[in-house]
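Inspection log for the structure reproduced underneath, given as structure tokens.
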Amino acid sequence: MFQDASKYPIQDNAVDVLTSVYRDIITNVGEDVTRDGLLKTPERAAKAILRLTSGYQQDLQSIVNGALFESDSDQVVLVRDIEFYSLCEHHLLPFFGKCHVGYLPRGKVLGLSKVARIVDMFSRRLQIQEQLTHQVALAIQECTDAYGVGVVMDARHMCMIMRGVEKQSSSTTTSAMLGTFRQNPAARAEFLSLIASSNSSL
Ligand SMILES: Nc1nc2c(ncn2[C@@H]2O[C@H](COP(=O)(O)OP(=O)(O)OP(=O)(O)O)[C@@H](O)[C@H]2O)c(=O)[nH]1
Ligand SMILES: [Zn+2]
């Protein structure tokens, strides 16, 4: 099951608490938090991290906002190249890239922007890429009741690029297939070939 937001209420004084934490971080990396350029940095950083993790304050129902439409289409719907930005749960460093979401409708289709909003909601939480991919797929399945859902994510992890193993060109692809896309190799192949097809005419 994907995690909905209600487990993660934040406190009213979260900005103040995080501001104090960032003051300590800056001091402990050997900087002078009272110098001009850094005076407002703890508060800015506090607001930034809350924005980057704002997905905890969202839930699927309010994101979808009833934008489900009756449709007799039973062909693949694919929303491709949705950019996303997330933080890895191991180092709190960004990983970012593109997400492709497809599903086989069962009587109803989801507002297109809602697909991207769902990707954003889960991206803006602490994640590993595999879990993020799986959670997006489960959420699409939950709200559309589709015959099948497929999600593919391509990402670059700053924890592998600017620290650690320092592999500048590395990227990671993950996928999550549910229902027909998991059980039927032909349907999965069609979905993957749609992702691979060029959109250069757009
Ligand atoms: N599977 C997976 N691993 C991730 C993801 N993001 C970061 N990691 C990995 O998490 C692992 C954490 O390994 P540790 O040995 O505990 O931490 P570390 O000493 O910082 O590891 P290095 O990154 O190898 O320096 C590393 O291999 C990271 O590459 C992700 O989205 N998925
Ligand atoms: Zn990491």
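Ligands are numbered from 1 in the order shown, residues from 1 within each chain, and chains are lettered A, B, ... in the order they appear in the structure tokens.
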message: Please identify all protein, DNA and RNA residues within 8 Å of ligand 1, counting only C-alpha atoms and all ligand atoms, and report them as a ChimeraX atom specification.
response: /A:88-91,95,127-131,157,159-160,163-165
task: Please provide as a list in words all residues within 6 Å of Gly148 (chain A), with the sequence filter that same-chain residues fewer than 3 positions apart are discarded (counting only C-alpha atoms).
output: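 Counting only the stated atoms, we get Tyr103, Leu104, Leu178, Gly179, Thr180 and Phe181 of chain A.
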- request: Check the smallest atom-to-atom distance from each of A:Met177, A:Leu39, A:Val76, A:Ala187 to Val109 (chain A) using only C-alpha atoms, then report the winner.
  value: A:Val76
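If you look at CA of His134 (chain A) and CA of Ile195 (chain A), they are 17.6 Å away from each other.
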task: Enumerate, as JSON, numbers by chain, the complete set of residues in region 48-193 of chain A that a backbone-based DSSP assignment places in strand (DSSP E or B).
output: {"A": [68, 69, 70, 77, 78, 79, 80, 81, 82, 83, 84, 85, 86, 87, 88, 94, 95, 96, 97, 98, 99, 100, 101, 102, 103, 104, 108, 109, 110, 126, 127, 148, 149, 150, 151, 152, 153, 154, 155, 156, 157, 172, 173, 174, 175, 176, 177, 178, 179]}
Closest of A:Gly150, A:Gly66, A:Pro94, A:Gly111 to ligand 2 - atom-to-atom distances counting only C-alpha atoms and all ligand atoms: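 Under the stated criterion, the closest residue is A:Pro94.
Minimum atom-to-atom distance to ligand 2, evaluated using only C-alpha atoms and all ligand atoms, belongs to A:Ser86 out of A:Val17, A:Gly102, A:Gln168, A:Ser86.
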Residues flagged alpha helix (DSSP H) by DSSP in region 142-180 of chain A, as a PyMOL selection string: chain A and resi 142-144+158-161+180
query: Leaving out Ile63 (chain A) and any residue of its chain fewer than 4 positions from it, which residues lie within 9 Å of it when counting only C-alpha atoms, given as a list in words?
result: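 Contacts, with the query itself left out: Gln58, Asp59, Lys114, Arg117, Ile118 and Met121 of chain A.
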- request: Select, from A:Lys98, A:Ser170, A:Asp36, A:Lys108, the residue with the minimum atom-to-atom distance to Val151 (chain A), counting only C-alpha atoms.
  value: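 Smallest separation from Val151 (chain A) among the options: A:Lys98.
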query: Counting only C-alpha atoms, what is within 9 Å of Leu138 (chain A), bar same-chain residues fewer than 4 positions away, as a PyMOL selection string?
result: chain A and resi 1-2+133-134+142-143+149+176+178
Shell of 12 Å around Phe96 (chain A), only C-alpha atoms, local chain residues under 4 positions omitted, as a PyMOL selection string: chain A and resi 81-88+119-120+123-124+127-129+132+153-159+171-173
Distance criterion (only C-alpha atoms): nearest to Pro9 (chain A) out of A:Gln135, A:Ser193, A:Thr53, A:Asn28: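 For Pro9 (chain A), the nearest of the candidates is A:Thr53.
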- prompt: Which is closer to ligand 2 than all the others in A:Ile161, A:Ala46, A:Leu93, A:Ala186, using only C-alpha atoms and all ligand atoms?
  reply: A:Leu93
- request: Find the residues near Ala14 (chain A): any atom within 9 Å, counting only C-alpha atoms, skip ones fewer than 4 places away on the same chain, and give them as a ChimeraX atom specification.
  value: /A:10,18-19,46,50
Please produce an output containing C-alpha atoms for each residue in the selection, written as a PDB file, in the first residue's frame.
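Saved to result-v8.pdb:
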```
ATOM      1  CA  ILE A  10       4.124  18.699  10.846  1.00  0.00           C
ATOM      2  CA  LEU A  18      14.418  23.617  11.410  1.00  0.00           C
ATOM      3  CA  THR A  19      15.956  27.101  11.396  1.00  0.00           C
ATOM      4  CA  ALA A  46      14.267  25.489   6.672  1.00  0.00           C
ATOM      5  CA  LEU A  50       9.819  21.898   3.935  1.00  0.00           C
TER       6      LEU A  50
END
```
- request: Could you jot down the CA of Ile49 (chain A) to CA of Gln141 (chain A) separation for me, Å, one decimal place?
  value: 29.3 Å
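Here CA of Val64 (chain A) is placed at a distance of 27.5 Å from CA of Ala196 (chain A).
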